[in-house]
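Participant: One file: upload.tsv (TSV, C-alpha atoms and all ligand atoms).
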```tsv
chain	number	residue	atom	x	y	z
A	1	MET	CA	-2.91	-24.30	1.79
A	2	LYS	CA	-0.10	-22.40	3.51
A	3	PRO	CA	-0.61	-18.65	3.81
A	4	ALA	CA	1.36	-16.56	1.32
A	5	ILE	CA	2.61	-14.43	4.20
A	6	GLN	CA	2.33	-15.15	7.91
A	7	ILE	CA	3.46	-12.45	10.34
A	8	ASN	CA	3.55	-13.39	14.03
A	9	GLY	CA	4.15	-10.89	16.84
A	10	VAL	CA	6.75	-8.88	14.96
A	11	HIS	CA	8.54	-6.17	16.92
A	12	LYS	CA	11.33	-3.98	15.65
A	13	SER	CA	13.23	-1.35	17.60
A	14	PHE	CA	15.80	1.05	16.25
A	15	GLY	CA	17.64	2.12	19.41
A	16	GLY	CA	14.90	3.56	21.62
A	17	LEU	CA	12.37	3.84	18.80
A	18	GLN	CA	9.79	1.07	18.52
A	19	ALA	CA	9.01	0.99	14.81
A	20	LEU	CA	6.89	-2.19	15.05
A	21	LYS	CA	5.02	-3.07	18.22
A	22	GLY	CA	3.75	-6.60	17.73
A	23	VAL	CA	2.33	-7.01	14.25
A	24	ASP	CA	0.22	-10.10	13.49
A	25	LEU	CA	-1.06	-10.56	9.96
A	26	THR	CA	-1.95	-13.47	7.71
A	27	ILE	CA	-2.23	-12.96	3.96
A	28	ALA	CA	-3.73	-15.89	2.06
A	29	GLN	CA	-2.46	-17.12	-1.28
A	30	GLY	CA	-4.16	-15.30	-4.15
A	31	GLU	CA	-5.08	-12.19	-2.16
A	32	PHE	CA	-4.68	-8.63	-3.42
A	33	PHE	CA	-3.86	-6.93	-0.13
A	34	ALA	CA	-3.22	-3.26	0.67
A	35	LEU	CA	-1.00	-2.19	3.55
A	36	LEU	CA	-1.73	1.43	4.33
A	37	GLY	CA	-0.51	3.91	6.88
A	38	PRO	CA	0.85	7.42	7.22
A	39	ASN	CA	4.57	8.21	6.96
A	40	GLY	CA	6.48	6.45	9.69
A	41	ALA	CA	3.74	3.88	10.47
A	42	GLY	CA	6.19	1.01	9.93
A	43	LYS	CA	5.21	-0.33	6.50
A	44	SER	CA	8.70	-0.20	5.01
A	45	THR	CA	10.20	-1.70	8.15
A	46	LEU	CA	7.78	-4.62	7.89
A	47	ILE	CA	8.61	-5.09	4.20
A	48	SER	CA	12.35	-4.91	4.91
A	49	ILE	CA	11.95	-7.72	7.45
A	50	LEU	CA	9.87	-9.68	4.96
A	51	ALA	CA	12.61	-9.24	2.35
A	52	GLY	CA	15.26	-10.39	4.82
A	53	LEU	CA	17.04	-7.03	4.71
A	54	ILE	CA	16.70	-6.46	8.45
A	55	LYS	CA	15.91	-8.82	11.33
A	56	PRO	CA	12.94	-8.46	13.67
A	57	SER	CA	13.70	-7.74	17.34
A	58	ALA	CA	11.04	-10.36	18.17
A	59	GLY	CA	8.49	-12.47	16.28
A	60	ASN	CA	8.76	-14.09	12.89
A	61	ILE	CA	7.57	-13.90	9.29
A	62	SER	CA	7.19	-16.75	6.83
A	63	VAL	CA	6.53	-16.77	3.09
A	64	MET	CA	4.57	-19.81	1.88
A	65	GLY	CA	5.70	-21.55	5.07
A	66	PHE	CA	9.41	-20.61	4.87
A	67	ASP	CA	10.83	-18.48	7.66
A	68	VAL	CA	12.44	-15.31	6.28
A	69	VAL	CA	15.36	-15.53	8.71
A	70	ASN	CA	16.07	-19.25	9.12
A	71	GLN	CA	15.04	-20.26	5.59
A	72	TYR	CA	16.04	-17.05	3.90
A	73	GLN	CA	16.87	-18.45	0.47
A	74	GLN	CA	13.66	-20.43	0.02
A	75	ALA	CA	11.56	-17.54	1.32
A	76	ARG	CA	13.33	-14.93	-0.84
A	77	GLN	CA	12.93	-17.05	-3.96
A	78	LEU	CA	9.16	-16.99	-3.52
A	79	LEU	CA	9.08	-13.20	-3.21
A	80	GLY	CA	9.25	-10.42	-5.78
A	81	ILE	CA	9.78	-7.07	-4.14
A	82	VAL	CA	9.50	-3.83	-6.06
A	83	PRO	CA	11.52	-1.32	-4.08
A	84	GLN	CA	10.67	2.34	-3.53
A	85	GLU	CA	14.04	3.55	-4.69
A	86	LEU	CA	15.67	3.36	-8.08
A	87	VAL	CA	18.70	1.10	-7.68
A	88	PHE	CA	19.96	-0.67	-10.76
A	89	ASP	CA	22.97	-2.24	-12.36
A	90	PRO	CA	24.25	0.07	-15.12
A	91	PHE	CA	26.12	-2.58	-17.12
A	92	PHE	CA	23.23	-4.61	-18.52
A	93	ASN	CA	20.57	-3.96	-21.07
A	94	VAL	CA	17.00	-4.55	-19.90
A	95	ARG	CA	16.66	-8.11	-21.18
A	96	GLU	CA	20.09	-9.14	-19.85
A	97	MET	CA	19.27	-7.67	-16.47
A	98	LEU	CA	16.02	-9.66	-16.31
A	99	ARG	CA	17.74	-12.89	-17.37
A	100	PHE	CA	20.48	-12.29	-14.85
A	101	GLN	CA	17.97	-11.65	-12.11
A	102	ALA	CA	16.00	-14.80	-12.95
A	103	GLY	CA	19.25	-16.77	-13.10
A	104	TYR	CA	20.14	-15.53	-9.63
A	105	PHE	CA	17.01	-17.30	-8.40
A	106	GLY	CA	17.86	-20.49	-10.26
A	107	ARG	CA	15.83	-19.96	-13.43
A	108	GLY	CA	17.31	-20.78	-16.84
A	109	PRO	CA	16.34	-20.38	-20.52
A	110	GLU	CA	12.91	-21.94	-19.80
A	111	ASN	CA	12.10	-18.61	-18.15
A	112	ASP	CA	12.65	-16.56	-21.33
A	113	ALA	CA	8.99	-16.66	-22.41
A	114	TRP	CA	8.09	-15.21	-19.02
A	115	VAL	CA	10.68	-12.45	-19.44
A	116	ASP	CA	9.07	-11.60	-22.81
A	117	GLU	CA	5.66	-11.50	-21.14
A	118	ILE	CA	6.91	-9.07	-18.50
A	119	LEU	CA	8.58	-6.86	-21.11
A	120	GLU	CA	5.35	-6.79	-23.10
A	121	GLY	CA	3.11	-6.30	-20.04
A	122	LEU	CA	5.13	-3.31	-18.83
A	123	GLY	CA	5.67	-1.73	-22.25
A	124	LEU	CA	9.40	-2.47	-22.28
A	125	THR	CA	9.66	-4.62	-25.42
A	126	GLU	CA	11.06	-1.72	-27.48
A	127	LYS	CA	13.66	-1.05	-24.78
A	128	ALA	CA	14.76	-4.65	-24.26
A	129	HIS	CA	18.18	-3.99	-25.84
A	130	VAL	CA	18.75	-0.58	-24.30
A	131	ASN	CA	21.32	-0.28	-21.55
A	132	MET	CA	19.78	0.33	-18.14
A	133	ARG	CA	21.72	3.56	-17.61
A	134	LYS	CA	20.30	5.03	-20.83
A	135	LEU	CA	16.67	4.62	-19.82
A	136	SER	CA	14.53	7.58	-18.83
A	137	GLY	CA	13.35	7.74	-15.20
A	138	GLY	CA	9.92	6.32	-16.05
A	139	MET	CA	11.41	3.49	-18.08
A	140	LYS	CA	13.86	2.69	-15.27
A	141	ARG	CA	10.94	2.37	-12.91
A	142	ARG	CA	9.27	-0.06	-15.32
A	143	ALA	CA	12.51	-2.03	-15.53
A	144	LEU	CA	12.69	-2.25	-11.74
A	145	ILE	CA	9.15	-3.59	-11.55
A	146	ALA	CA	10.13	-6.10	-14.24
A	147	GLN	CA	13.24	-7.01	-12.26
A	148	ALA	CA	11.20	-7.91	-9.18
A	149	LEU	CA	9.01	-10.18	-11.31
A	150	ALA	CA	11.79	-11.77	-13.40
A	151	HIS	CA	11.88	-15.07	-11.49
A	152	LYS	CA	8.07	-15.40	-11.56
A	153	PRO	CA	7.57	-15.18	-7.80
A	154	PRO	CA	4.21	-16.35	-6.44
A	155	VAL	CA	4.18	-13.52	-3.87
A	156	ILE	CA	4.67	-9.98	-5.17
A	157	VAL	CA	5.20	-6.99	-2.87
A	158	LEU	CA	4.88	-3.52	-4.35
A	159	ASP	CA	6.17	-0.82	-2.02
A	160	GLU	CA	4.82	2.51	-3.27
A	161	PRO	CA	5.17	1.37	-6.88
A	162	THR	CA	3.39	4.32	-8.43
A	163	ALA	CA	4.96	7.19	-6.49
A	164	GLY	CA	5.91	9.76	-9.10
A	165	VAL	CA	4.87	7.51	-11.97
A	166	ASP	CA	2.91	8.78	-14.97
A	167	VAL	CA	-0.69	7.80	-15.60
A	168	GLU	CA	0.13	5.64	-18.62
A	169	LEU	CA	2.54	3.44	-16.68
A	170	ARG	CA	0.20	3.27	-13.73
A	171	GLN	CA	-2.61	1.93	-15.86
A	172	MET	CA	-0.37	-0.46	-17.73
A	173	MET	CA	1.23	-1.71	-14.54
A	174	TRP	CA	-2.09	-2.29	-12.80
A	175	GLU	CA	-3.52	-4.17	-15.79
A	176	PHE	CA	-0.49	-6.43	-15.73
A	177	ILE	CA	-0.52	-6.88	-11.95
A	178	LYS	CA	-4.27	-7.62	-12.00
A	179	LYS	CA	-3.64	-10.28	-14.62
A	180	LEU	CA	-0.92	-11.84	-12.44
A	181	ASN	CA	-3.32	-11.82	-9.50
A	182	ARG	CA	-6.00	-13.56	-11.61
A	183	GLU	CA	-3.41	-16.19	-12.47
A	184	GLY	CA	-2.89	-16.86	-8.76
A	185	HIS	CA	-0.05	-14.56	-7.67
A	186	THR	CA	-0.51	-12.97	-4.26
A	187	ILE	CA	-0.11	-9.20	-4.37
A	188	VAL	CA	0.73	-6.93	-1.43
A	189	LEU	CA	0.65	-3.24	-2.11
A	190	THR	CA	1.67	-0.26	-0.02
A	191	THR	CA	0.49	3.00	-1.46
A	192	HIS	CA	-0.32	6.56	-0.55
A	193	TYR	CA	-2.92	6.63	-3.31
A	194	LEU	CA	-5.91	5.31	-1.43
A	195	GLU	CA	-8.11	5.25	-4.50
A	196	GLU	CA	-5.70	2.71	-5.98
A	197	ALA	CA	-6.02	0.49	-2.92
A	198	GLU	CA	-9.80	0.89	-3.00
A	199	THR	CA	-10.20	-0.18	-6.61
A	200	LEU	CA	-7.56	-2.92	-6.64
A	201	CYS	CA	-7.41	-4.58	-3.25
A	202	SER	CA	-9.93	-6.95	-1.73
A	203	ARG	CA	-8.52	-6.57	1.80
A	204	VAL	CA	-6.85	-3.73	3.64
A	205	GLY	CA	-4.61	-3.48	6.69
A	206	MET	CA	-4.09	-0.02	8.15
A	207	MET	CA	-1.03	0.67	10.28
A	208	LYS	CA	-0.40	3.43	12.74
A	209	GLN	CA	2.69	3.90	14.91
A	210	GLY	CA	3.91	0.34	14.47
A	211	GLU	CA	0.56	-1.40	14.96
A	212	ILE	CA	-2.23	-2.67	12.75
A	213	VAL	CA	-5.28	-0.58	13.65
A	214	ALA	CA	-7.72	-2.00	11.10
A	215	LEU	CA	-7.84	-5.20	9.12
A	216	ASP	CA	-10.85	-6.09	7.03
A	217	SER	CA	-12.16	-6.49	3.51
A	218	THR	CA	-12.25	-3.22	1.61
A	219	ALA	CA	-16.04	-3.53	1.33
A	220	ASN	CA	-16.49	-4.07	5.09
A	221	LEU	CA	-14.26	-1.14	5.94
A	222	LEU	CA	-16.27	1.09	3.66
A	223	ASN	CA	-19.57	-0.25	5.04
A	224	LYS	CA	-18.52	-0.08	8.67
A	225	PHE	CA	-17.68	3.51	8.11
A	226	ALA	CA	-20.46	5.97	7.36
A	227	GLY	CA	-21.93	5.75	3.87
A	228	LYS	CA	-21.75	9.47	3.12
A	229	GLN	CA	-19.67	12.40	4.11
A	230	LEU	CA	-20.91	15.92	4.42
A	231	ARG	CA	-18.36	18.71	4.18
A	232	LEU	CA	-19.50	22.03	5.47
A	233	THR	CA	-17.59	25.30	5.42
A	234	LEU	CA	-18.58	27.02	8.64
A	235	GLY	CA	-15.58	29.08	9.66
A	236	ASN	CA	-14.41	29.16	13.25
A	237	VAL	CA	-17.47	28.07	15.24
A	238	SER	CA	-18.40	26.05	18.28
A	239	LEU	CA	-20.40	23.02	17.11
A	240	PRO	CA	-23.59	21.99	18.93
A	241	ALA	CA	-22.86	18.98	21.19
A	242	ASN	CA	-25.45	16.69	19.58
A	243	ILE	CA	-23.67	16.64	16.21
A	244	GLN	CA	-20.12	16.48	17.49
A	245	VAL	CA	-20.24	12.67	17.48
A	246	LEU	CA	-20.73	12.76	13.71
A	247	LEU	CA	-17.69	14.95	13.16
A	248	ARG	CA	-14.77	13.15	11.53
A	249	ASN	CA	-12.45	15.98	10.68
A	250	GLN	CA	-12.07	19.69	11.10
A	251	GLU	CA	-9.56	21.78	9.21
A	252	ASN	CA	-9.44	25.48	8.33
A	253	GLY	CA	-13.10	26.04	9.11
A	254	ILE	CA	-14.20	23.01	7.04
A	255	TYR	CA	-16.05	20.38	9.02
A	256	THR	CA	-16.45	16.84	7.67
A	257	PHE	CA	-19.28	14.76	9.07
A	258	ALA	CA	-19.68	11.02	8.52
A	259	LEU	CA	-23.31	10.11	8.02
A	260	SER	CA	-24.90	6.70	7.89
A	261	ASP	CA	-28.16	7.88	6.31
A	262	MET	CA	-29.74	10.91	4.74
A	263	THR	CA	-31.86	11.82	7.79
A	264	GLN	CA	-28.64	12.76	9.56
A	265	ILE	CA	-28.11	15.54	7.03
A	266	GLU	CA	-31.28	17.16	8.28
A	267	LEU	CA	-30.15	16.67	11.87
A	268	VAL	CA	-26.81	18.39	11.20
A	269	LEU	CA	-28.37	21.27	9.28
A	270	SER	CA	-31.22	21.87	11.74
A	271	SER	CA	-28.80	21.77	14.70
A	272	LEU	CA	-26.62	24.36	12.99
A	273	ARG	CA	-29.66	26.49	12.23
A	274	ALA	CA	-30.79	26.31	15.85
A	275	ALA	CA	-27.31	27.40	16.97
A	276	GLU	CA	-27.42	30.22	14.41
A	277	ILE	CA	-24.34	28.91	12.63
A	278	LYS	CA	-24.26	29.86	8.97
A	279	VAL	CA	-23.31	27.28	6.33
A	280	LEU	CA	-20.96	29.01	3.89
A	281	ASP	CA	-20.52	26.04	1.56
A	282	MET	CA	-21.67	22.43	1.43
A	283	GLN	CA	-20.61	19.22	-0.32
A	284	LEU	CA	-22.02	15.70	-0.04
A	285	ASN	CA	-19.79	12.77	-1.09
A	286	GLU	CA	-19.73	8.99	-0.87
A	287	ALA	CA	-17.30	7.87	1.86
A	288	ASP	CA	-14.12	6.35	0.51
A	289	LEU	CA	-11.10	4.59	1.90
A	290	GLU	CA	-9.51	7.93	2.65
A	291	ASP	CA	-12.38	8.70	5.07
A	292	VAL	CA	-11.94	5.36	6.78
A	293	PHE	CA	-8.26	6.08	7.00
A	294	MET	CA	-8.83	9.53	8.43
A	295	SER	CA	-11.22	8.21	11.00
A	296	LEU	CA	-9.03	5.31	12.12
A	297	VAL	CA	-5.57	6.71	11.74
A	298	GLY	CA	-6.50	10.19	12.86
A	299	VAL	CA	-4.59	12.22	10.31
A	300	SER	CA	-6.31	14.43	7.82
A	301	SER	CA	-5.06	12.46	4.85
A	302	VAL	CA	-2.23	10.20	3.79
A	303	SER	CA	0.46	12.50	2.50
A	304	LYS	CA	0.82	12.15	-1.23
A	305	SER	CA	4.26	11.40	-2.52
B	401	LIG	N1	17.17	2.21	9.87
B	401	LIG	C1	16.47	2.94	10.73
B	401	LIG	N2	17.03	3.52	11.80
B	401	LIG	C2	16.32	4.24	12.68
B	401	LIG	N3	14.99	4.47	12.58
B	401	LIG	C3	14.36	3.93	11.52
B	401	LIG	C4	15.05	3.14	10.54
B	401	LIG	N4	14.14	2.74	9.62
B	401	LIG	C5	12.96	3.25	10.00
B	401	LIG	N5	13.07	3.95	11.13
B	401	LIG	C6	11.98	4.62	11.86
B	401	LIG	O1	10.96	3.67	12.08
B	401	LIG	C7	9.67	4.24	11.93
B	401	LIG	C8	8.89	3.49	10.85
B	401	LIG	O2	9.45	3.83	9.60
B	401	LIG	P1	8.99	3.16	8.22
B	401	LIG	O3	9.93	3.64	7.16
B	401	LIG	O4	8.87	1.69	8.39
B	401	LIG	O5	7.55	3.80	8.02
B	401	LIG	P2	6.64	3.77	6.72
B	401	LIG	O6	5.28	3.40	7.21
B	401	LIG	O7	7.23	2.91	5.70
B	401	LIG	O8	6.66	5.28	6.25
B	401	LIG	P3	6.66	5.88	4.76
B	401	LIG	O9	5.24	5.88	4.33
B	401	LIG	O10	7.19	7.25	5.00
B	401	LIG	O11	7.55	5.04	3.89
B	401	LIG	C9	9.90	5.71	11.60
B	401	LIG	O12	9.80	6.43	12.81
B	401	LIG	C10	11.32	5.73	11.08
B	401	LIG	O13	11.92	6.98	11.33
```
As structure tokens, what does this structure read like?
Facilitator:
Amino acid sequence: MKPAIQINGVHKSFGGLQALKGVDLTIAQGEFFALLGPNGAGKSTLISILAGLIKPSAGNISVMGFDVVNQYQQARQLLGIVPQELVFDPFFNVREMLRFQAGYFGRGPENDAWVDEILEGLGLTEKAHVNMRKLSGGMKRRALIAQALAHKPPVIVLDEPTAGVDVELRQMMWEFIKKLNREGHTIVLTTHYLEEAETLCSRVGMMKQGEIVALDSTANLLNKFAGKQLRLTLGNVSLPANIQVLLRNQENGIYTFALSDMTQIELVLSSLRAAEIKVLDMQLNEADLEDVFMSLVGVSSVSKS
């Protein structure tokens, strides 16, 4: 079976800035994949190349075996891309817009049942006859998601789909997207909400400064990383050397340690006691994708949009 997406040695420079520095990535058909990274890591650049909006400086990308540059039309037809920004055609109602979009990719009336399914799945049935320009912001966002899916693409790319979206739509959208994934659609998601990636995606790629710095199953990434994290409020102190290796993050007097087992808690606390450092507050949590991210990407957290 051909991979859903194959990315080989992709570089992209904007003038002197190297936005992508040789990205290799294979996403199999049927995967639910998360592409994560802080602002400026290169995610949108990679997706723009995938969508054929910009050309790579070197390397190539194919969708189900079709090169996105040399076989643009075939590749684009297999892709549904939900953009970050709200761009829409103000002359159509929702259903017309979806039919038009599907028609653009060569689908005819046989696609109408699918359009109904999308409208239903995204809570747009009531708005099917409303003109796009009269929709509220949240409804427009739903319509844009629907638009990307209108031609029933096997590979669906969601670029920050839930930024600024209310909880109801988020839940509805994820139920629908999960259903599409169960039916065999490949899903690629970029998000700043790491808990979304953690619950939805079976595999994660983390990008930093134009490179992939981690690529593994979500479970492996969580396992590889320490099982627990201990957050201690200590103030401005000098940590004993023997526990510095466990330190993952330090911000405003709060020190976060990554621990693989409970005995390390005792080690941290006894070392602090021996150094006469007072613990002002303490929290013990399960490590999550955000901790993995922090440890690998080296920023305190992915900025929330
Ligand atoms: N058209 C462009 N011209 C010049 N520089 C660009 C252009 N597009 C992106 N860049 C730069 O390339 C780098 C990667 O940007 P990109 O938008 O791909 O990152 P991102 O990971 O999608 O970030 P975000 O999470 O903020 O969307 C950034 O330094 C950005 O400023």
Participant: Distance table requested - chain A against ligand LIG 401 (chain B), cut-off 8 Å, all atoms listed in the file: one row per qualifying residue with the closest atom pair and its distance in Å to one decimal, ordered by chain and rising residue number, as a tab-separated table.
Facilitator:
```
residue	atom	partner	partner_atom	distance
A:Ser13	CA	B:LIG401	O1	7.8
A:Phe14	CA	B:LIG401	C2	4.8
A:Gly15	CA	B:LIG401	C2	7.2
A:Leu17	CA	B:LIG401	N3	6.8
A:Gln18	CA	B:LIG401	O1	7.0
A:Ala19	CA	B:LIG401	O1	4.3
A:Leu20	CA	B:LIG401	C8	7.3
A:Leu36	CA	B:LIG401	O6	7.8
A:Gly37	CA	B:LIG401	O6	5.8
A:Pro38	CA	B:LIG401	O9	5.5
A:Asn39	CA	B:LIG401	O10	3.4
A:Gly40	CA	B:LIG401	O5	3.3
A:Ala41	CA	B:LIG401	O6	3.6
A:Gly42	CA	B:LIG401	O4	3.2
A:Lys43	CA	B:LIG401	O6	3.8
A:Ser44	CA	B:LIG401	O7	3.5
A:Thr45	CA	B:LIG401	O4	3.6
A:Leu46	CA	B:LIG401	O4	6.4
A:Ile47	CA	B:LIG401	O4	8.0
A:His192	CA	B:LIG401	O9	7.4
A:Met207	CA	B:LIG401	O6	7.5
A:Lys208	CA	B:LIG401	O6	7.9
A:Gln209	CA	B:LIG401	C8	7.4
A:Gly210	CA	B:LIG401	C8	6.9
```
Participant: Nearest residue to A:Asp288 out of A:Leu215, A:Ala150, A:Ile187, A:Leu194, using only C-alpha atoms?
Facilitator: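 Smallest distance to A:Asp288 is found for A:Leu194.
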Participant: Quick one: residues within 12 Å of A:Glu96, all atoms listed in the file, excluding same-chain residues fewer than 6 positions away - as JSON, numbers by chain?
Facilitator: {"A": [89, 90, 102, 103, 109, 112, 115, 116, 119, 127, 128, 129, 130, 131, 132, 143, 146, 147, 150]}
Participant: Which protein, DNA or RNA residues are at most 12 Å from (-30.4, 14.3, 10.7) in the file's coordinates when you count all atoms listed in the file, listed as a PyMOL selection string?
Facilitator: chain A and resi 230+242-243+246+257-272
Participant: Could you jot down the atom CA of A:Ile81 to atom CA of A:Met64 separation for me, Å, one decimal place?
Facilitator: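 Spanning atom CA of A:Ile81 to atom CA of A:Met64 is a straight-line distance of 15.0 Å.
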Participant: Give me, please, the distance in Å between atom CA of A:Asp166 and atom CA of A:Ile49, quoted to one decimal.
Facilitator: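 Interatomic distance, atom CA of A:Asp166 to atom CA of A:Ile49: 29.3 Å.
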Participant: As an exercise, work out the distance from atom CA of A:Lys278 to atom CA of A:Leu234 in Å and give it to one decimal place.
Facilitator: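 Going from atom CA of A:Lys278 over to atom CA of A:Leu234 covers 6.4 Å.
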Participant: Mind checking which residues fall within 7 Å of A:Thr186, counting all atoms listed in the file, ignoring those fewer than 6 positions away in the same chain, and posting them as a ChimeraX atom specification?
Facilitator: /A:4,29-32,154-156
Participant: The selected residues should be written to file as a PDB file, in the frame of the given file (atoms: C-alpha atoms).
Facilitator:
```
ATOM      1  CA  ALA A   4       1.360 -16.560   1.320  1.00  0.00           C
ATOM      2  CA  GLN A  29      -2.460 -17.120  -1.280  1.00  0.00           C
ATOM      3  CA  GLY A  30      -4.160 -15.300  -4.150  1.00  0.00           C
ATOM      4  CA  GLU A  31      -5.080 -12.190  -2.160  1.00  0.00           C
ATOM      5  CA  PHE A  32      -4.680  -8.630  -3.420  1.00  0.00           C
ATOM      6  CA  PRO A 154       4.210 -16.350  -6.440  1.00  0.00           C
ATOM      7  CA  VAL A 155       4.180 -13.520  -3.870  1.00  0.00           C
ATOM      8  CA  ILE A 156       4.670  -9.980  -5.170  1.00  0.00           C
TER       9      ILE A 156
END
```
Participant: With distances taken over all atoms listed in the file, which residue among A:Met206, A:Gly121, A:Val165, A:Gly184 lies nearest A:Arg141?
Facilitator: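 Selected residue with least distance to A:Arg141: A:Val165.
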Participant: Show me the residues close to (-11.1, 5.0, 3.5) - anything with an atom within 8 Å, counting all atoms listed in the file - and format the list as a ChimeraX atom specification.
Facilitator: /A:194,198,221-222,287-294
Participant: Select, from A:Met1, A:Phe105, A:Lys12, A:Glu195, the residue with the minimum atom-to-atom distance to A:Ser48, counting only C-alpha atoms.
Facilitator: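 With only C-alpha atoms as the atom set, the closest residue is A:Lys12.
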Participant: Would you pull stretch 257-279 of chain A out of the block just shown and save C-alpha atoms as a PDB file, in the first residue's frame?
Facilitator:
```
ATOM      1  CA  PHE A 257      11.484  17.328  37.610  1.00  0.00           C
ATOM      2  CA  ALA A 258      10.827  14.323  35.374  1.00  0.00           C
ATOM      3  CA  LEU A 259      10.840  11.128  37.386  1.00  0.00           C
ATOM      4  CA  SER A 260      10.797   7.559  36.169  1.00  0.00           C
ATOM      5  CA  ASP A 261       9.785   6.051  39.513  1.00  0.00           C
ATOM      6  CA  MET A 262       8.617   7.026  42.952  1.00  0.00           C
ATOM      7  CA  THR A 263      11.990   6.428  44.651  1.00  0.00           C
ATOM      8  CA  GLN A 264      13.296   9.460  42.768  1.00  0.00           C
ATOM      9  CA  ILE A 265      10.847  11.641  44.681  1.00  0.00           C
ATOM     10  CA  GLU A 266      12.632  10.713  47.874  1.00  0.00           C
ATOM     11  CA  LEU A 267      15.989  11.395  46.223  1.00  0.00           C
ATOM     12  CA  VAL A 268      14.899  14.889  45.147  1.00  0.00           C
ATOM     13  CA  LEU A 269      13.379  15.752  48.522  1.00  0.00           C
ATOM     14  CA  SER A 270      16.261  14.391  50.599  1.00  0.00           C
ATOM     15  CA  SER A 271      18.813  16.202  48.403  1.00  0.00           C
ATOM     16  CA  LEU A 272      16.918  19.443  48.896  1.00  0.00           C
ATOM     17  CA  ARG A 273      16.724  18.834  52.629  1.00  0.00           C
ATOM     18  CA  ALA A 274      20.466  18.179  52.791  1.00  0.00           C
ATOM     19  CA  ALA A 275      21.089  21.443  50.926  1.00  0.00           C
ATOM     20  CA  GLU A 276      18.716  23.218  53.318  1.00  0.00           C
ATOM     21  CA  ILE A 277      16.427  24.277  50.485  1.00  0.00           C
ATOM     22  CA  LYS A 278      12.851  24.752  51.607  1.00  0.00           C
ATOM     23  CA  VAL A 279       9.973  23.359  49.515  1.00  0.00           C
TER      24      VAL A 279
END
```
